[in-house]
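Peer 1: Pasting coords_19.pdb below, which is PDB, C-alpha atoms.
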```pdb
ATOM      1  CA  MET A   1     121.049 105.111  91.184  1.00  0.00           C
ATOM      2  CA  SER A   2     117.322 105.602  91.718  1.00  0.00           C
ATOM      3  CA  TYR A   3     116.050 102.841  93.986  1.00  0.00           C
ATOM      4  CA  ALA A   4     112.497 101.515  94.014  1.00  0.00           C
ATOM      5  CA  LEU A   5     112.533 101.631  97.812  1.00  0.00           C
ATOM      6  CA  GLN A   6     115.068 103.360 100.009  1.00  0.00           C
ATOM      7  CA  VAL A   7     115.085 103.384 103.802  1.00  0.00           C
ATOM      8  CA  THR A   8     117.674 105.409 105.712  1.00  0.00           C
ATOM      9  CA  SER A   9     118.394 105.175 109.449  1.00  0.00           C
ATOM     10  CA  LEU A  10     114.815 104.216 110.297  1.00  0.00           C
ATOM     11  CA  SER A  11     114.075 103.640 113.973  1.00  0.00           C
ATOM     12  CA  TYR A  12     110.926 103.064 115.985  1.00  0.00           C
ATOM     13  CA  ALA A  13     110.328 102.668 119.700  1.00  0.00           C
ATOM     14  CA  TYR A  14     107.209 101.579 121.554  1.00  0.00           C
ATOM     15  CA  GLN A  15     106.946 102.447 125.246  1.00  0.00           C
ATOM     16  CA  LYS A  16     110.722 102.942 125.435  1.00  0.00           C
ATOM     17  CA  HIS A  17     111.332  99.576 123.751  1.00  0.00           C
ATOM     18  CA  ASN A  18     113.352  99.823 120.548  1.00  0.00           C
ATOM     19  CA  VAL A  19     111.499  97.822 117.902  1.00  0.00           C
ATOM     20  CA  LEU A  20     113.690  98.988 115.006  1.00  0.00           C
ATOM     21  CA  GLU A  21     117.166 100.463 115.380  1.00  0.00           C
ATOM     22  CA  GLY A  22     118.655 102.437 112.491  1.00  0.00           C
ATOM     23  CA  ILE A  23     117.378 100.299 109.620  1.00  0.00           C
ATOM     24  CA  SER A  24     118.775 101.192 106.183  1.00  0.00           C
ATOM     25  CA  LEU A  25     117.804  99.442 102.936  1.00  0.00           C
ATOM     26  CA  GLN A  26     118.233 100.078  99.215  1.00  0.00           C
ATOM     27  CA  LEU A  27     115.993  97.949  97.018  1.00  0.00           C
ATOM     28  CA  GLN A  28     116.706  97.887  93.300  1.00  0.00           C
ATOM     29  CA  LYS A  29     113.998  97.895  90.668  1.00  0.00           C
ATOM     30  CA  GLY A  30     112.700  94.549  89.445  1.00  0.00           C
ATOM     31  CA  ARG A  31     114.209  92.438  92.230  1.00  0.00           C
ATOM     32  CA  PHE A  32     112.683  90.017  94.716  1.00  0.00           C
ATOM     33  CA  TYR A  33     113.735  90.613  98.321  1.00  0.00           C
ATOM     34  CA  ALA A  34     112.969  88.064 101.027  1.00  0.00           C
ATOM     35  CA  LEU A  35     112.735  89.681 104.470  1.00  0.00           C
ATOM     36  CA  LEU A  36     113.376  86.850 106.894  1.00  0.00           C
ATOM     37  CA  GLY A  37     113.208  86.968 110.659  1.00  0.00           C
ATOM     38  CA  PRO A  38     111.635  85.310 113.691  1.00  0.00           C
ATOM     39  CA  ASN A  39     108.362  86.520 115.159  1.00  0.00           C
ATOM     40  CA  GLY A  40     108.976  89.803 116.973  1.00  0.00           C
ATOM     41  CA  ALA A  41     111.972  90.745 114.825  1.00  0.00           C
ATOM     42  CA  GLY A  42     110.312  93.988 113.688  1.00  0.00           C
ATOM     43  CA  LYS A  43     109.111  92.938 110.230  1.00  0.00           C
ATOM     44  CA  SER A  44     105.489  94.039 110.686  1.00  0.00           C
ATOM     45  CA  THR A  45     106.598  97.308 112.310  1.00  0.00           C
ATOM     46  CA  LEU A  46     108.805  98.013 109.300  1.00  0.00           C
ATOM     47  CA  PHE A  47     105.875  97.373 106.968  1.00  0.00           C
ATOM     48  CA  SER A  48     103.605  99.597 109.055  1.00  0.00           C
ATOM     49  CA  LEU A  49     106.149 102.416 108.760  1.00  0.00           C
ATOM     50  CA  LEU A  50     106.525 101.888 105.013  1.00  0.00           C
ATOM     51  CA  SER A  51     102.748 102.043 104.574  1.00  0.00           C
ATOM     52  CA  GLN A  52     102.414 104.927 107.058  1.00  0.00           C
ATOM     53  CA  LEU A  53     100.162 103.069 109.452  1.00  0.00           C
ATOM     54  CA  LEU A  54     102.852 104.118 111.908  1.00  0.00           C
ATOM     55  CA  SER A  55     105.012 107.231 111.768  1.00  0.00           C
ATOM     56  CA  THR A  56     108.370 108.170 113.211  1.00  0.00           C
ATOM     57  CA  ASN A  57     110.582 111.235 113.240  1.00  0.00           C
ATOM     58  CA  THR A  58     113.700 109.097 113.022  1.00  0.00           C
ATOM     59  CA  GLY A  59     114.861 108.133 109.542  1.00  0.00           C
ATOM     60  CA  ASP A  60     113.652 108.588 105.967  1.00  0.00           C
ATOM     61  CA  ILE A  61     111.687 106.527 103.446  1.00  0.00           C
ATOM     62  CA  SER A  62     111.484 107.011  99.670  1.00  0.00           C
ATOM     63  CA  ILE A  63     109.253 104.951  97.389  1.00  0.00           C
ATOM     64  CA  ASN A  64     109.862 105.150  93.644  1.00  0.00           C
ATOM     65  CA  ALA A  65     112.082 108.192  94.369  1.00  0.00           C
ATOM     66  CA  TYR A  66     109.257 110.023  96.211  1.00  0.00           C
ATOM     67  CA  PRO A  67     110.142 110.982  99.806  1.00  0.00           C
ATOM     68  CA  ILE A  68     107.322 109.863 102.043  1.00  0.00           C
ATOM     69  CA  ARG A  69     107.642 112.982 104.232  1.00  0.00           C
ATOM     70  CA  THR A  70     107.277 115.548 101.440  1.00  0.00           C
ATOM     71  CA  ALA A  71     105.350 113.611  98.785  1.00  0.00           C
ATOM     72  CA  PRO A  72     103.306 111.039 100.721  1.00  0.00           C
ATOM     73  CA  ARG A  73     100.513 110.633  98.164  1.00  0.00           C
ATOM     74  CA  LYS A  74     102.865 109.950  95.264  1.00  0.00           C
ATOM     75  CA  ALA A  75     105.001 107.661  97.413  1.00  0.00           C
ATOM     76  CA  LEU A  76     102.092 105.574  98.686  1.00  0.00           C
ATOM     77  CA  ALA A  77     100.434 105.498  95.255  1.00  0.00           C
ATOM     78  CA  SER A  78     103.599 103.796  93.993  1.00  0.00           C
ATOM     79  CA  MET A  79     103.153 100.910  96.394  1.00  0.00           C
ATOM     80  CA  GLY A  80     100.886  97.889  96.716  1.00  0.00           C
ATOM     81  CA  ILE A  81     100.636  95.985  99.981  1.00  0.00           C
ATOM     82  CA  VAL A  82      99.195  92.731 101.269  1.00  0.00           C
ATOM     83  CA  PHE A  83      99.006  92.485 105.040  1.00  0.00           C
ATOM     84  CA  GLN A  84      99.053  89.293 107.069  1.00  0.00           C
ATOM     85  CA  GLN A  85      95.443  89.856 108.152  1.00  0.00           C
ATOM     86  CA  THR A  86      92.918  90.080 105.331  1.00  0.00           C
ATOM     87  CA  THR A  87      91.502  93.516 104.491  1.00  0.00           C
ATOM     88  CA  LEU A  88      88.953  92.401 101.909  1.00  0.00           C
ATOM     89  CA  ASP A  89      85.270  93.235 102.371  1.00  0.00           C
ATOM     90  CA  THR A  90      83.776  89.792 102.806  1.00  0.00           C
ATOM     91  CA  ASP A  91      80.246  91.004 101.932  1.00  0.00           C
ATOM     92  CA  LEU A  92      81.357  92.150  98.482  1.00  0.00           C
ATOM     93  CA  THR A  93      82.236  90.031  95.486  1.00  0.00           C
ATOM     94  CA  VAL A  94      85.736  89.627  94.089  1.00  0.00           C
ATOM     95  CA  ARG A  95      85.001  92.089  91.290  1.00  0.00           C
ATOM     96  CA  GLN A  96      83.415  94.625  93.652  1.00  0.00           C
ATOM     97  CA  ASN A  97      86.484  94.568  95.901  1.00  0.00           C
ATOM     98  CA  LEU A  98      88.709  95.195  92.891  1.00  0.00           C
ATOM     99  CA  GLN A  99      86.463  97.949  91.537  1.00  0.00           C
ATOM    100  CA  TYR A 100      86.500  99.706  94.891  1.00  0.00           C
ATOM    101  CA  HIS A 101      90.289  99.613  95.001  1.00  0.00           C
ATOM    102  CA  ALA A 102      90.485 100.935  91.439  1.00  0.00           C
ATOM    103  CA  SER A 103      88.251 103.870  92.402  1.00  0.00           C
ATOM    104  CA  LEU A 104      90.405 104.678  95.433  1.00  0.00           C
ATOM    105  CA  HIS A 105      93.464 104.894  93.181  1.00  0.00           C
ATOM    106  CA  GLY A 106      91.738 107.145  90.650  1.00  0.00           C
ATOM    107  CA  LEU A 107      91.610 104.712  87.742  1.00  0.00           C
ATOM    108  CA  ASN A 108      89.093 105.754  85.097  1.00  0.00           C
ATOM    109  CA  ALA A 109      86.391 103.344  83.929  1.00  0.00           C
ATOM    110  CA  LYS A 110      88.436 101.896  81.048  1.00  0.00           C
ATOM    111  CA  GLN A 111      91.603 101.535  83.123  1.00  0.00           C
ATOM    112  CA  ALA A 112      89.651  99.835  85.887  1.00  0.00           C
ATOM    113  CA  LYS A 113      87.936  97.432  83.476  1.00  0.00           C
ATOM    114  CA  ASP A 114      91.163  96.540  81.670  1.00  0.00           C
ATOM    115  CA  ASN A 115      93.273  96.161  84.800  1.00  0.00           C
ATOM    116  CA  ILE A 116      90.655  94.097  86.620  1.00  0.00           C
ATOM    117  CA  ALA A 117      90.384  91.767  83.619  1.00  0.00           C
ATOM    118  CA  ARG A 118      94.180  91.507  83.492  1.00  0.00           C
ATOM    119  CA  GLU A 119      94.562  90.573  87.149  1.00  0.00           C
ATOM    120  CA  LEU A 120      91.601  88.181  87.182  1.00  0.00           C
ATOM    121  CA  ASN A 121      93.208  86.377  84.262  1.00  0.00           C
ATOM    122  CA  ARG A 122      96.703  86.517  85.763  1.00  0.00           C
ATOM    123  CA  PHE A 123      95.548  84.879  88.992  1.00  0.00           C
ATOM    124  CA  ASN A 124      93.031  82.537  87.331  1.00  0.00           C
ATOM    125  CA  LEU A 125      90.114  84.156  89.148  1.00  0.00           C
ATOM    126  CA  GLU A 126      87.690  84.825  86.281  1.00  0.00           C
ATOM    127  CA  HIS A 127      85.378  82.047  87.441  1.00  0.00           C
ATOM    128  CA  LYS A 128      85.347  83.525  90.959  1.00  0.00           C
ATOM    129  CA  GLN A 129      84.771  87.184  90.080  1.00  0.00           C
ATOM    130  CA  ASN A 130      81.090  87.182  91.079  1.00  0.00           C
ATOM    131  CA  ALA A 131      81.577  85.141  94.240  1.00  0.00           C
ATOM    132  CA  LYS A 132      81.460  86.870  97.596  1.00  0.00           C
ATOM    133  CA  ILE A 133      84.755  86.892  99.452  1.00  0.00           C
ATOM    134  CA  ARG A 134      83.280  85.011 102.399  1.00  0.00           C
ATOM    135  CA  ALA A 135      82.614  82.056 100.072  1.00  0.00           C
ATOM    136  CA  LEU A 136      86.271  81.731  99.031  1.00  0.00           C
ATOM    137  CA  ASN A 137      88.927  79.544 100.618  1.00  0.00           C
ATOM    138  CA  GLY A 138      92.133  81.023 102.048  1.00  0.00           C
ATOM    139  CA  GLY A 139      94.170  80.516  98.904  1.00  0.00           C
ATOM    140  CA  HIS A 140      91.670  82.267  96.655  1.00  0.00           C
ATOM    141  CA  ARG A 141      91.278  85.136  99.129  1.00  0.00           C
ATOM    142  CA  ARG A 142      95.033  85.647  99.154  1.00  0.00           C
ATOM    143  CA  ARG A 143      95.133  85.661  95.354  1.00  0.00           C
ATOM    144  CA  VAL A 144      92.423  88.335  95.332  1.00  0.00           C
ATOM    145  CA  GLU A 145      94.410  90.451  97.781  1.00  0.00           C
ATOM    146  CA  ILE A 146      97.566  90.236  95.695  1.00  0.00           C
ATOM    147  CA  ALA A 147      95.603  90.946  92.502  1.00  0.00           C
ATOM    148  CA  ARG A 148      94.110  93.996  94.198  1.00  0.00           C
ATOM    149  CA  ALA A 149      97.533  95.221  95.325  1.00  0.00           C
ATOM    150  CA  LEU A 150      98.783  95.041  91.712  1.00  0.00           C
ATOM    151  CA  LEU A 151      95.718  96.654  90.161  1.00  0.00           C
ATOM    152  CA  HIS A 152      97.159 100.192  90.022  1.00  0.00           C
ATOM    153  CA  ASP A 153     100.554  99.076  88.635  1.00  0.00           C
ATOM    154  CA  PRO A 154     102.694  99.853  91.687  1.00  0.00           C
ATOM    155  CA  ALA A 155     106.468 100.075  91.484  1.00  0.00           C
ATOM    156  CA  VAL A 156     106.821  98.260  94.822  1.00  0.00           C
ATOM    157  CA  LEU A 157     104.821  95.341  96.229  1.00  0.00           C
ATOM    158  CA  LEU A 158     104.995  94.603  99.959  1.00  0.00           C
ATOM    159  CA  LEU A 159     103.897  91.185 101.204  1.00  0.00           C
ATOM    160  CA  ASP A 160     103.650  90.963 104.995  1.00  0.00           C
ATOM    161  CA  GLU A 161     103.612  87.259 105.921  1.00  0.00           C
ATOM    162  CA  ALA A 162     101.192  86.829 103.017  1.00  0.00           C
ATOM    163  CA  SER A 163     101.394  83.016 103.041  1.00  0.00           C
ATOM    164  CA  VAL A 164     100.468  82.536 106.709  1.00  0.00           C
ATOM    165  CA  GLY A 165      97.644  80.045 107.152  1.00  0.00           C
ATOM    166  CA  LEU A 166      97.889  78.596 103.643  1.00  0.00           C
ATOM    167  CA  ASP A 167      98.606  74.952 102.907  1.00  0.00           C
ATOM    168  CA  MET A 168     102.004  74.203 101.412  1.00  0.00           C
ATOM    169  CA  PRO A 169     100.930  73.657  97.763  1.00  0.00           C
ATOM    170  CA  THR A 170      98.980  76.950  97.760  1.00  0.00           C
ATOM    171  CA  ARG A 171     101.829  78.761  99.506  1.00  0.00           C
ATOM    172  CA  ASP A 172     104.383  77.457  97.002  1.00  0.00           C
ATOM    173  CA  SER A 173     102.146  78.301  94.036  1.00  0.00           C
ATOM    174  CA  ILE A 174     101.604  81.901  95.173  1.00  0.00           C
ATOM    175  CA  ASN A 175     105.280  82.445  95.985  1.00  0.00           C
ATOM    176  CA  GLU A 176     106.357  81.151  92.579  1.00  0.00           C
ATOM    177  CA  HIS A 177     103.781  83.317  90.845  1.00  0.00           C
ATOM    178  CA  ILE A 178     104.960  86.449  92.656  1.00  0.00           C
ATOM    179  CA  ARG A 179     108.561  85.801  91.609  1.00  0.00           C
ATOM    180  CA  TYR A 180     107.386  85.385  88.032  1.00  0.00           C
ATOM    181  CA  LEU A 181     105.504  88.698  88.174  1.00  0.00           C
ATOM    182  CA  CYS A 182     108.589  90.382  89.579  1.00  0.00           C
ATOM    183  CA  LYS A 183     110.590  89.342  86.526  1.00  0.00           C
ATOM    184  CA  GLU A 184     107.749  89.857  84.053  1.00  0.00           C
ATOM    185  CA  ARG A 185     106.678  93.335  85.152  1.00  0.00           C
ATOM    186  CA  GLY A 186     109.812  94.737  86.748  1.00  0.00           C
ATOM    187  CA  ILE A 187     108.110  95.204  90.104  1.00  0.00           C
ATOM    188  CA  THR A 188     110.241  95.333  93.231  1.00  0.00           C
ATOM    189  CA  VAL A 189     108.916  92.844  95.776  1.00  0.00           C
ATOM    190  CA  LEU A 190     109.681  92.884  99.496  1.00  0.00           C
ATOM    191  CA  SER A 191     108.190  89.752 101.026  1.00  0.00           C
ATOM    192  CA  SER A 192     108.454  89.183 104.768  1.00  0.00           C
ATOM    193  CA  THR A 193     108.334  85.722 106.293  1.00  0.00           C
ATOM    194  CA  HIS A 194     109.482  83.740 109.294  1.00  0.00           C
ATOM    195  CA  LEU A 195     109.437  80.523 107.244  1.00  0.00           C
ATOM    196  CA  VAL A 196     112.966  79.657 106.145  1.00  0.00           C
ATOM    197  CA  ASP A 197     111.782  77.282 103.429  1.00  0.00           C
ATOM    198  CA  GLU A 198     110.129  80.160 101.544  1.00  0.00           C
ATOM    199  CA  VAL A 199     113.502  81.738 100.737  1.00  0.00           C
ATOM    200  CA  GLN A 200     115.051  80.680  97.430  1.00  0.00           C
ATOM    201  CA  ARG A 201     118.727  80.710  96.558  1.00  0.00           C
ATOM    202  CA  ASP A 202     118.327  83.369  93.860  1.00  0.00           C
ATOM    203  CA  ASP A 203     116.474  85.769  96.185  1.00  0.00           C
ATOM    204  CA  HIS A 204     118.107  88.791  97.743  1.00  0.00           C
ATOM    205  CA  LEU A 205     117.975  87.987 101.449  1.00  0.00           C
ATOM    206  CA  ILE A 206     117.474  90.510 104.239  1.00  0.00           C
ATOM    207  CA  LEU A 207     117.648  89.045 107.733  1.00  0.00           C
ATOM    208  CA  LEU A 208     116.075  91.106 110.501  1.00  0.00           C
ATOM    209  CA  HIS A 209     116.516  90.160 114.145  1.00  0.00           C
ATOM    210  CA  ALA A 210     115.711  92.109 117.306  1.00  0.00           C
ATOM    211  CA  GLY A 211     115.183  95.284 115.278  1.00  0.00           C
ATOM    212  CA  LYS A 212     118.531  95.142 113.489  1.00  0.00           C
ATOM    213  CA  ILE A 213     119.640  93.951 110.066  1.00  0.00           C
ATOM    214  CA  LEU A 214     122.028  91.009 110.363  1.00  0.00           C
ATOM    215  CA  LEU A 215     122.300  90.351 106.638  1.00  0.00           C
ATOM    216  CA  ASP A 216     121.506  92.213 103.403  1.00  0.00           C
ATOM    217  CA  ALA A 217     122.940  90.290 100.448  1.00  0.00           C
ATOM    218  CA  PRO A 218     122.096  87.937  97.579  1.00  0.00           C
ATOM    219  CA  CYS A 219     121.209  84.614  99.172  1.00  0.00           C
ATOM    220  CA  GLU A 220     123.649  82.626  97.032  1.00  0.00           C
ATOM    221  CA  SER A 221     126.511  84.953  97.973  1.00  0.00           C
ATOM    222  CA  ALA A 222     125.628  84.762 101.670  1.00  0.00           C
ATOM    223  CA  LEU A 223     125.580  80.960 101.593  1.00  0.00           C
ATOM    224  CA  SER A 224     128.965  80.889  99.893  1.00  0.00           C
ATOM    225  CA  ALA A 225     130.484  83.447 102.275  1.00  0.00           C
ATOM    226  CA  ARG A 226     129.359  81.462 105.340  1.00  0.00           C
ATOM    227  CA  GLY A 227     130.335  78.126 103.827  1.00  0.00           C
ATOM    228  CA  VAL A 228     126.889  76.575 104.194  1.00  0.00           C
ATOM    229  CA  SER A 229     124.610  74.852 101.705  1.00  0.00           C
ATOM    230  CA  ASP A 230     121.127  75.835 102.844  1.00  0.00           C
ATOM    231  CA  VAL A 231     119.216  78.842 104.163  1.00  0.00           C
ATOM    232  CA  LYS A 232     118.168  77.059 107.357  1.00  0.00           C
ATOM    233  CA  THR A 233     121.783  76.609 108.446  1.00  0.00           C
ATOM    234  CA  LEU A 234     122.642  80.179 107.444  1.00  0.00           C
ATOM    235  CA  TYR A 235     119.659  81.470 109.419  1.00  0.00           C
ATOM    236  CA  ARG A 236     120.631  79.492 112.516  1.00  0.00           C
ATOM    237  CA  GLN A 237     124.226  80.690 112.370  1.00  0.00           C
ATOM    238  CA  LEU A 238     123.251  84.346 112.115  1.00  0.00           C
ATOM    239  CA  ILE A 239     120.388  84.318 114.620  1.00  0.00           C
ATOM    240  CA  GLN A 240     122.270  82.299 117.211  1.00  0.00           C
ATOM    241  CA  GLY A 241     125.584  83.998 116.538  1.00  0.00           C
ATOM    242  CA  GLU A 242     127.287  80.781 115.510  1.00  0.00           C
ATOM    243  CA  THR A 243     130.561  80.871 113.605  1.00  0.00           C
ATOM    244  CA  PRO A 244     130.787  79.017 110.283  1.00  0.00           C
TER     245      PRO A 244
END
```
I need this file expressed as C-alpha cells, please.

Peer 2:
Amino acid sequence: MSYALQVTSLSYAYQKHNVLEGISLQLQKGRFYALLGPNGAGKSTLFSLLSQLLSTNTGDISINAYPIRTAPRKALASMGIVFQQTTLDTDLTVRQNLQYHASLHGLNAKQAKDNIARELNRFNLEHKQNAKIRALNGGHRRRVEIARALLHDPAVLLLDEASVGLDMPTRDSINEHIRYLCKERGITVLSSTHLVDEVQRDDHLILLHAGKILLDAPCESALSARGVSDVKTLYRQLIQGETP
C-alpha cells in the first residue's frame, strides 16, 4: 500500500534529551488522524521534522510516496501545514498572502486565480479578501492560514495545535470543516492537539506521550478495547498507566 505519510523509526534528541524515540506511523489517504498528547509530548518536534524545520539522521519520512531524504522538494510540495503560531504577513491583505503562497508553489496565473477563488469561497472569506491580516480576528486569521495551506492541493495537511487561542464555537466550526474537507477532497489530515474534547469517535487516534506512541488505532476501536465510553477516560488511562 502507498501511504500518504509514512514515518519509520524516527528519533530526535536535544542536548542529550530524547524528544522522540523510534516513532513509526503509516497514514492512509483520505483519513483524519488526531494526534493527541500533553504539552511536551513531542508533537511540535514531530511536525518540525515532517516539515524539515528540524532534521535528524535517525529514521525516514515519506510524503505522498516521496522520500524526504532523496526527493525533498516533491515531498514538501505534497504537504500543507498550519503551525500553532501564525505565519501570515499582517501588513498584506488576505488575497496578497494567498497570491504570495501560490507563487512560491509555482502555480501559474490561472491556477492561482482559480484556487484562490475556490478557497476564499470554501472558507467564506470573499468579503475579507481585501482586508489586511492585522484587521482580522483570530478565527478569520486561522481560516486564512488553512485556506493558504490547501491552495496548492496538497496530499497531506498538517495542523499543529491550529485551534489554540480560539473560542469554542470557532474551534468547533473549523474542526468540523477540516473533517468535511478530508472526506470531500481525499486529503490526509494529521491534526495535533492537547485538547481531549477535539477528538471525535470516528477519528483515527494517535496518542503521543514522552516521545513515544502509546496508541495508534481507530478511536472507536480503542474505546471498545479499553472498555471505556469517552476519550477523556481513555486518555487518562493511557497517560497515567491505569488499567481498564

Peer 1: Take the PyMOL selection byres ((chain A and resi 63) around 12), apply it to the structure above, and return the hits as a PyMOL selection string.

Peer 2: chain A and resi 2-8+25-29+50-52+60-62+64-80+154-158+188

Peer 1: Please expand the PyMOL selection byres ((chain A and resi 102) around 9) into the concrete residues it hits in this file, giving the result as a PyMOL selection string.

Peer 2: chain A and resi 97-101+103-109+111-112+115-116+148+151-152

Peer 1: When you count all atoms listed in the file, which of these residues is closest to Asp203 in chain A: A:Ile146, A:Ile239, A:Val164, A:Ala222?

Peer 2: A:Ala222

Peer 1: Kindly provide, as a ChimeraX atom specification, the polymer residues lying within 12 Å of (109.4, 100.9, 119.8), counting all atoms listed in the file and using the coordinates exactly as they appear in the file.

Peer 2: /A:10-22,40-42,45-46,49,54-56,58,210-211

Peer 1: For CA of Leu53 in chain A and CA of Leu208 in chain A, determine how far apart the two atoms are, in Å to one decimal place.

Peer 2: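 According to the coordinates, CA of Leu53 in chain A and CA of Leu208 in chain A are separated by 19.9 Å.
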
Peer 1: Applied to this file, what does the PyMOL selection byres ((chain A and resi 193-195) around 10) return in terms of residues, put as a ChimeraX atom specification?

Peer 2: /A:34-41,43-44,84,159-164,190-192,196-199,207-208,232

Peer 1: Just checking: using all atoms listed in the file, which residue out of A:Asp216, A:His140, A:Gln200, A:Ala149 ends up closest to Leu166 in chain A?

Peer 2: A:His140

Peer 1: Report, as AutoDock Vina command-line options, the axis-aligned box around all atoms of range 209-227 of chain A present in the file, extended by 4 Å on each side; give centre and edge lengths in Å to one decimal place.

Peer 2:
```
--center_x 122.8 --center_y 86.7 --center_z 107.2 --size_x 23.3 --size_y 25.2 --size_z 28.3
```

Peer 1: Could you work out how far CA of His209 in chain A lies from CA of Phe32 in chain A, giving the answer in Å with one decimal?

Peer 2: 19.8 Å

Peer 1: Could you list, as JSON, numbers by chain, every residue within 12 Å of Arg141 in chain A, counting all atoms listed in the file and ignoring same-chain residues fewer than 2 positions away?

Peer 2: {"A": [82, 84, 85, 86, 87, 88, 89, 90, 93, 94, 97, 123, 125, 128, 129, 131, 132, 133, 134, 135, 136, 137, 138, 139, 143, 144, 145, 146, 147, 148, 162, 163, 165, 166, 170, 174]}

Peer 1: Report, in Å with one decimal, the straight-line distance from CA of Leu150 in chain A to CA of Pro218 in chain A.

Peer 2: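 CA of Pro218 in chain A lies at a distance of 25.1 Å from CA of Leu150 in chain A.
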
Peer 1: Which residues are close to Glu184 in chain A, i.e. within 12 Å by only C-alpha atoms, leaving aside same-chain residues fewer than 6 positions away? Reply as a ChimeraX atom specification.

Peer 2: /A:30-32,122,177-178

Peer 1: With distances taken over only C-alpha atoms, which residue among A:His204, A:His127, A:Arg236, A:Arg142 lies nearest Glu220 in chain A?

Peer 2: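 Closest to Glu220 in chain A, using only C-alpha atoms: A:His204.
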